[in-house]
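All remarks here apply to the structure that follows.
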Amino acid sequence: MLAPAANPINLAIVGTGNCASSLVQGLAHYGEGLNDPIGLTRYEMDRYRPHDIRVVAAWDIDRRKVGQDVASAIFARPNCTTRFCEAVADTGTLVEMGRLLDGVADHMSDYPADRTFVPAELPEPSEDEVTERLRDERVDVMINYLPVGSQQATEFYATCALKAGVAFVNAMPVFIASDPAWARRFAEAGVPVIGDDIKAQLGATIVHRALTDLFRRRGVTLDRTYQLNTGGNTDFLNMLNRTRLTSKKISKTEAVQSVAARRMEDENIHIGPSDYVAWQNDNKVCFLRMEGRMFGGVPLNLELRLSVEDSPNSAGVAIDMIRCAKIALDRGLAGPIEPAAALFCKHPPRQMTDDAAHDALEAFLNEGAKVSA
Ligand SMILES: O=P(O)(O)OC[C@H]1O[C@@H](O)[C@H](O)[C@@H](O)[C@@H]1O
C-alpha cells in the first residue's frame, strides 16, 4: 500500500482499459522520491504531484477485471499496452461492476476473447448507487475512459459526477464539456468539467496541428490532407464499427481544421482511424500527408510517419487534466475549464492554437499563485 499523499486527489476511473493502465502505472512510476523529469510537462502543478492522485473508485464491465484490485486489473486482458512500471503496488481499491448501456461494440463477440470484452454478467449499478460511491469515497475527480461511441454510458457517469459534485474529465470523444447544454448543467451545479477527447502528448493530432499551424504561419496554403491511423488495441477494434465513429471523426477533423489558414472542403481533409491490425497491439501508426502551395503558387507536399505506444502517450496529459480539475475545484470554479480543455483536448468548447492554449494555461495556473501569494 502507498504512503499517504501530501495533497491527495481522489480519483474515480470509468473503464480500466489500456489508457487507465498507463495512467495507474504512471502514478506508481512518478511516485514519491522518483522526481523523474522524463515524460512530464511539469512534476508539480500548483502544489500537486503525480503521486498525489489516488485511485479510490473504479468501474469496468469485464469479468477479468471486476473484483480485482485496480493494480492487477490494469494488466488483465484484453489490455495489451506496454508494462513500463513493474512495481505497481495494490491500491486497496477493487474494480466494481459498471453500467453497460452502449459501452461495448456488438461486433466484438466475433473476435477472440483475449482481444475483446468478456461481460462480467453481474448486476449493474443504478445512478444513485454510483453517485453514493462517489460521495462515500470523497472522490474529487472522475476520468472517463469509456470506448469511442459510448454516448449513453458517458452521459450516465457524467450525471453521477454532477449529482455528487465531482469534477469530470472526459478523455473520449462524446461531447460533454463542448456541448452547450451539458456545459450549462455543470456550470449550474457548480462542478468543473474538462473535455472532450484527450490530445496525446506527441500523437497524431498535435503533430498534424503543429504542421498545419506552420503552413499557416509560413504563408503556405494547405489544399488537402489526410491522417491515416492503424493500431491493434481494443480502441481500434471497437472503431471497426463505423456507426460508433461519428463524434470521433468530428473531433479529430475539427482539431486540424481549426488551426488551418482557411477551411478545407470536407472532401479535401480525411482524418480517421483507418484500420485494425491485431499484431500492432497498443502501437499506433499514423501516416500523414499534406499538400499545399507556396510562393508563386508552386506546389509542395509533406509526408510523415509517426509510430507511438498509444496509451502512455495520453497518460501524462491525463495527469495534467486531473490536476487542473482539482485546482478548479479548489478555486470554486464551475463549468468548462477552457485553457485546460484547449491545451489537453481535441474537441474543447473553444479551439485555440496550441501556443495560445499553452499561454492560457500558464496564465490560469499563475492566477492561483497570485491569489495564494
Ligand atoms: O494521437 P491523438 O490523435 O492525439 O489521439 C490520442 C488519443 O485519442 C483518444 O481518442 C484515444 O481513445 C486514445 O487512446 C488516444 O491516446
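By convention here, the chains of the C-alpha cells are called A, B, ... in the order presented, each chain's residues are numbered starting at 1, and ligands are numbered starting at 1 in the order presented.
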
* To do: Set the cut-off to 8 Å, count only C-alpha atoms and all ligand atoms, and list whatever residues fall near ligand 1 as a list of chain:residue names.
  =>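 Those residues are A:Asn18, A:Cys19, A:Tyr145, A:Pro147, A:Val148, A:Ala171, A:Met172, A:Pro173, A:Asp197, A:Ile198, A:Lys199, A:Ala200, A:Gln201, A:Leu202, A:Gly203, A:Ala204, A:Thr205, A:Ile206, A:Asp235, A:Lys248, A:Lys252, A:Asp310, A:Ser311, A:Pro312, A:Asn313, A:Ser314, A:Lys346.
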
* Write down as a PyMOL selection string the residues belonging to segment 100-278 of chain A that are assigned alpha helix (DSSP H) by DSSP computed on the backbone. => chain A and resi 127-136+151-164+180-189+204-217+234-238+246-257

Written selection (C-alpha atoms) as a PDB file, in the first residue's frame:
ATOM      1  CA  GLU A 127     -27.318   6.130 -10.923  1.00  0.00           C
ATOM      2  CA  ASP A 128     -27.943   6.546  -7.185  1.00  0.00           C
ATOM      3  CA  GLU A 129     -25.538   3.738  -6.319  1.00  0.00           C
ATOM      4  CA  VAL A 130     -22.677   5.178  -8.382  1.00  0.00           C
ATOM      5  CA  THR A 131     -23.388   8.674  -7.003  1.00  0.00           C
ATOM      6  CA  GLU A 132     -23.326   7.298  -3.468  1.00  0.00           C
ATOM      7  CA  ARG A 133     -19.985   5.534  -4.085  1.00  0.00           C
ATOM      8  CA  LEU A 134     -18.526   8.839  -5.325  1.00  0.00           C
ATOM      9  CA  ARG A 135     -19.721  10.569  -2.174  1.00  0.00           C
ATOM     10  CA  ASP A 136     -18.596   7.751   0.150  1.00  0.00           C
ATOM     11  CA  GLN A 151     -22.835   8.127 -25.687  1.00  0.00           C
ATOM     12  CA  GLN A 152     -25.376   6.789 -23.178  1.00  0.00           C
ATOM     13  CA  ALA A 153     -22.806   5.301 -20.812  1.00  0.00           C
ATOM     14  CA  THR A 154     -20.815   8.559 -20.792  1.00  0.00           C
ATOM     15  CA  GLU A 155     -23.983  10.556 -20.048  1.00  0.00           C
ATOM     16  CA  PHE A 156     -24.793   8.116 -17.225  1.00  0.00           C
ATOM     17  CA  TYR A 157     -21.429   8.645 -15.474  1.00  0.00           C
ATOM     18  CA  ALA A 158     -21.406  12.412 -16.195  1.00  0.00           C
ATOM     19  CA  THR A 159     -24.805  12.645 -14.472  1.00  0.00           C
ATOM     20  CA  CYS A 160     -23.455  10.754 -11.434  1.00  0.00           C
ATOM     21  CA  ALA A 161     -20.467  13.120 -11.264  1.00  0.00           C
ATOM     22  CA  LEU A 162     -22.786  16.134 -11.480  1.00  0.00           C
ATOM     23  CA  LYS A 163     -25.007  14.840  -8.698  1.00  0.00           C
ATOM     24  CA  ALA A 164     -22.056  14.054  -6.430  1.00  0.00           C
ATOM     25  CA  PRO A 180     -23.508  23.813 -24.551  1.00  0.00           C
ATOM     26  CA  ALA A 181     -26.375  22.065 -22.729  1.00  0.00           C
ATOM     27  CA  TRP A 182     -24.052  19.778 -20.737  1.00  0.00           C
ATOM     28  CA  ALA A 183     -21.608  22.643 -20.085  1.00  0.00           C
ATOM     29  CA  ARG A 184     -24.512  24.665 -18.654  1.00  0.00           C
ATOM     30  CA  ARG A 185     -25.556  21.766 -16.411  1.00  0.00           C
ATOM     31  CA  PHE A 186     -22.038  21.583 -14.964  1.00  0.00           C
ATOM     32  CA  ALA A 187     -21.845  25.380 -14.551  1.00  0.00           C
ATOM     33  CA  GLU A 188     -25.231  25.486 -12.794  1.00  0.00           C
ATOM     34  CA  ALA A 189     -24.298  22.613 -10.485  1.00  0.00           C
ATOM     35  CA  ALA A 204      -1.283  12.254 -34.476  1.00  0.00           C
ATOM     36  CA  THR A 205      -3.434  15.269 -33.624  1.00  0.00           C
ATOM     37  CA  ILE A 206      -0.814  17.513 -32.032  1.00  0.00           C
ATOM     38  CA  VAL A 207       1.701  16.782 -34.822  1.00  0.00           C
ATOM     39  CA  HIS A 208      -0.897  17.406 -37.527  1.00  0.00           C
ATOM     40  CA  ARG A 209      -1.999  20.633 -35.816  1.00  0.00           C
ATOM     41  CA  ALA A 210       1.569  21.885 -35.352  1.00  0.00           C
ATOM     42  CA  LEU A 211       2.347  21.323 -39.045  1.00  0.00           C
ATOM     43  CA  THR A 212      -0.955  22.900 -40.136  1.00  0.00           C
ATOM     44  CA  ASP A 213      -0.139  25.928 -37.979  1.00  0.00           C
ATOM     45  CA  LEU A 214       3.356  26.010 -39.514  1.00  0.00           C
ATOM     46  CA  PHE A 215       1.892  26.085 -43.037  1.00  0.00           C
ATOM     47  CA  ARG A 216      -0.338  28.995 -41.963  1.00  0.00           C
ATOM     48  CA  ARG A 217       2.469  30.965 -40.344  1.00  0.00           C
ATOM     49  CA  THR A 234      -9.466  -2.504 -28.323  1.00  0.00           C
ATOM     50  CA  ASP A 235      -9.947   1.155 -29.245  1.00  0.00           C
ATOM     51  CA  PHE A 236      -9.102   0.352 -32.879  1.00  0.00           C
ATOM     52  CA  LEU A 237     -11.119  -2.887 -32.764  1.00  0.00           C
ATOM     53  CA  ASN A 238     -14.130  -1.012 -31.400  1.00  0.00           C
ATOM     54  CA  THR A 246     -19.345   9.989 -35.754  1.00  0.00           C
ATOM     55  CA  SER A 247     -18.163  12.178 -32.892  1.00  0.00           C
ATOM     56  CA  LYS A 248     -14.579  10.857 -33.082  1.00  0.00           C
ATOM     57  CA  LYS A 249     -14.279  11.953 -36.718  1.00  0.00           C
ATOM     58  CA  ILE A 250     -15.764  15.365 -35.928  1.00  0.00           C
ATOM     59  CA  SER A 251     -13.374  15.768 -33.000  1.00  0.00           C
ATOM     60  CA  LYS A 252     -10.208  14.810 -34.904  1.00  0.00           C
ATOM     61  CA  THR A 253     -11.127  16.727 -38.068  1.00  0.00           C
ATOM     62  CA  GLU A 254     -12.059  19.941 -36.250  1.00  0.00           C
ATOM     63  CA  ALA A 255      -8.826  19.766 -34.242  1.00  0.00           C
ATOM     64  CA  VAL A 256      -6.903  20.189 -37.511  1.00  0.00           C
ATOM     65  CA  GLN A 257      -9.377  22.407 -39.441  1.00  0.00           C
TER      66      GLN A 257
END

* To do: Skip Ile337 of chain A itself and residues of its chain fewer than 5 positions away, then list as a ChimeraX atom specification all residues within 8 Å of it, counting only C-alpha atoms.
  => /A:192-194,325,328

* **Close residues, Leu240 of chain A itself excluded, 9 Å, only C-alpha atoms, min 4 positions apart in chain, as a list of chain:residue names** =>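 Residues meeting the cut-off are A:His107, A:Phe236, A:Arg244, A:Leu245, A:Pro273, A:Ser274, A:Asp275, A:Tyr276.
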
Go ahead and write the selection's residues with N, CA and C atoms as a PDB file, in the first residue's frame.
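And here is the file that came out, result-v9.pdb:
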ATOM      1  N   HIS A 107     -20.188  -6.063 -32.420  1.00  0.00           N
ATOM      2  CA  HIS A 107     -19.474  -6.978 -33.305  1.00  0.00           C
ATOM      3  C   HIS A 107     -18.267  -7.613 -32.627  1.00  0.00           C
ATOM      4  N   PHE A 236      -9.058   0.524 -31.425  1.00  0.00           N
ATOM      5  CA  PHE A 236      -9.102   0.352 -32.879  1.00  0.00           C
ATOM      6  C   PHE A 236     -10.094  -0.745 -33.276  1.00  0.00           C
ATOM      7  N   ARG A 244     -20.023   3.855 -34.613  1.00  0.00           N
ATOM      8  CA  ARG A 244     -19.602   4.435 -33.336  1.00  0.00           C
ATOM      9  C   ARG A 244     -18.673   5.639 -33.531  1.00  0.00           C
ATOM     10  N   LEU A 245     -18.370   5.937 -34.791  1.00  0.00           N
ATOM     11  CA  LEU A 245     -17.280   6.871 -35.071  1.00  0.00           C
ATOM     12  C   LEU A 245     -17.647   8.336 -35.261  1.00  0.00           C
ATOM     13  N   PRO A 273      -9.492   6.920 -37.834  1.00  0.00           N
ATOM     14  CA  PRO A 273      -8.931   5.601 -37.602  1.00  0.00           C
ATOM     15  C   PRO A 273      -9.113   4.846 -38.905  1.00  0.00           C
ATOM     16  N   SER A 274      -8.083   4.167 -39.376  1.00  0.00           N
ATOM     17  CA  SER A 274      -8.151   3.637 -40.724  1.00  0.00           C
ATOM     18  C   SER A 274      -8.206   2.121 -40.768  1.00  0.00           C
ATOM     19  N   ASP A 275      -7.558   1.460 -39.846  1.00  0.00           N
ATOM     20  CA  ASP A 275      -7.684   0.005 -39.817  1.00  0.00           C
ATOM     21  C   ASP A 275      -7.219  -0.559 -38.479  1.00  0.00           C
ATOM     22  N   TYR A 276      -7.734  -1.776 -38.217  1.00  0.00           N
ATOM     23  CA  TYR A 276      -7.347  -2.539 -37.027  1.00  0.00           C
ATOM     24  C   TYR A 276      -6.361  -3.604 -37.477  1.00  0.00           C
TER      25      TYR A 276
END

* Straight-line distance linking atom CA of Glu309 of chain A with atom CA of Ser109 of chain A, stated in Å to one decimal ->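 Interatomic distance here is 25.3 Å.
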
* So which residues touch segment 120-123 of chain A within 9 Å, counting only C-alpha atoms, skipping near sequence neighbours fewer than 4 positions away, as a ChimeraX atom specification? -> /A:60-66,97-99

* Asked: Contacts of segment 356-370 of chain A at 6 Å or less, counting only C-alpha atoms, minus same-chain residues fewer than 3 places along, as a PyMOL selection string?
  -> chain A and resi 339+342-343+352-353+373

Writer output for current selection, N, CA, C and O atoms, as a PDB file, in the first residue's frame:
ATOM      1  N   PRO A 339      -8.914  26.916 -20.635  1.00  0.00           N
ATOM      2  CA  PRO A 339      -7.496  26.787 -21.021  1.00  0.00           C
ATOM      3  C   PRO A 339      -7.035  25.335 -20.994  1.00  0.00           C
ATOM      4  O   PRO A 339      -6.306  24.891 -21.879  1.00  0.00           O
ATOM      5  N   ALA A 342      -8.556  23.438 -23.991  1.00  0.00           N
ATOM      6  CA  ALA A 342      -7.952  23.800 -25.285  1.00  0.00           C
ATOM      7  C   ALA A 342      -6.569  23.175 -25.447  1.00  0.00           C
ATOM      8  O   ALA A 342      -6.177  22.785 -26.544  1.00  0.00           O
ATOM      9  N   LEU A 343      -5.817  23.081 -24.339  1.00  0.00           N
ATOM     10  CA  LEU A 343      -4.472  22.513 -24.445  1.00  0.00           C
ATOM     11  C   LEU A 343      -4.488  20.986 -24.468  1.00  0.00           C
ATOM     12  O   LEU A 343      -3.728  20.364 -25.197  1.00  0.00           O
ATOM     13  N   MET A 352      -8.170  26.798 -29.694  1.00  0.00           N
ATOM     14  CA  MET A 352      -7.089  27.795 -29.766  1.00  0.00           C
ATOM     15  C   MET A 352      -5.919  27.097 -30.449  1.00  0.00           C
ATOM     16  O   MET A 352      -5.896  25.864 -30.511  1.00  0.00           O
ATOM     17  N   THR A 353      -4.934  27.854 -30.911  1.00  0.00           N
ATOM     18  CA  THR A 353      -3.717  27.176 -31.372  1.00  0.00           C
ATOM     19  C   THR A 353      -3.054  26.603 -30.118  1.00  0.00           C
ATOM     20  O   THR A 353      -3.339  27.035 -28.988  1.00  0.00           O
ATOM     21  N   ALA A 373      -0.545  34.206  -2.949  1.00  0.00           N
ATOM     22  CA  ALA A 373       0.663  34.943  -2.517  1.00  0.00           C
ATOM     23  C   ALA A 373       0.320  35.933  -1.409  1.00  0.00           C
ATOM     24  O   ALA A 373      -0.785  36.383  -1.280  1.00  0.00           O
TER      25      ALA A 373
END

* To do: Write out as a PyMOL selection string all residues of segment 109-297 of chain A that DSSP puts in strand (DSSP E or B) for this structure's backbone.
  => chain A and resi 119+141-144+167-170+192-194+198+221-231+269-276+283-293

* Asked: What is the distance between atom CA of Val298 of chain A and atom CA of Val220 of chain A, in Å to one decimal?
  ->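 Answer for the atom CA of Val298 of chain A to atom CA of Val220 of chain A separation: 9.8 Å.
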
* Asked: Please, what distance in Å, to one decimal, runs between atom CA of Phe295 of chain A and atom CA of Ile269 of chain A?
  ->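 Answer for the atom CA of Phe295 of chain A to atom CA of Ile269 of chain A separation: 22.3 Å.
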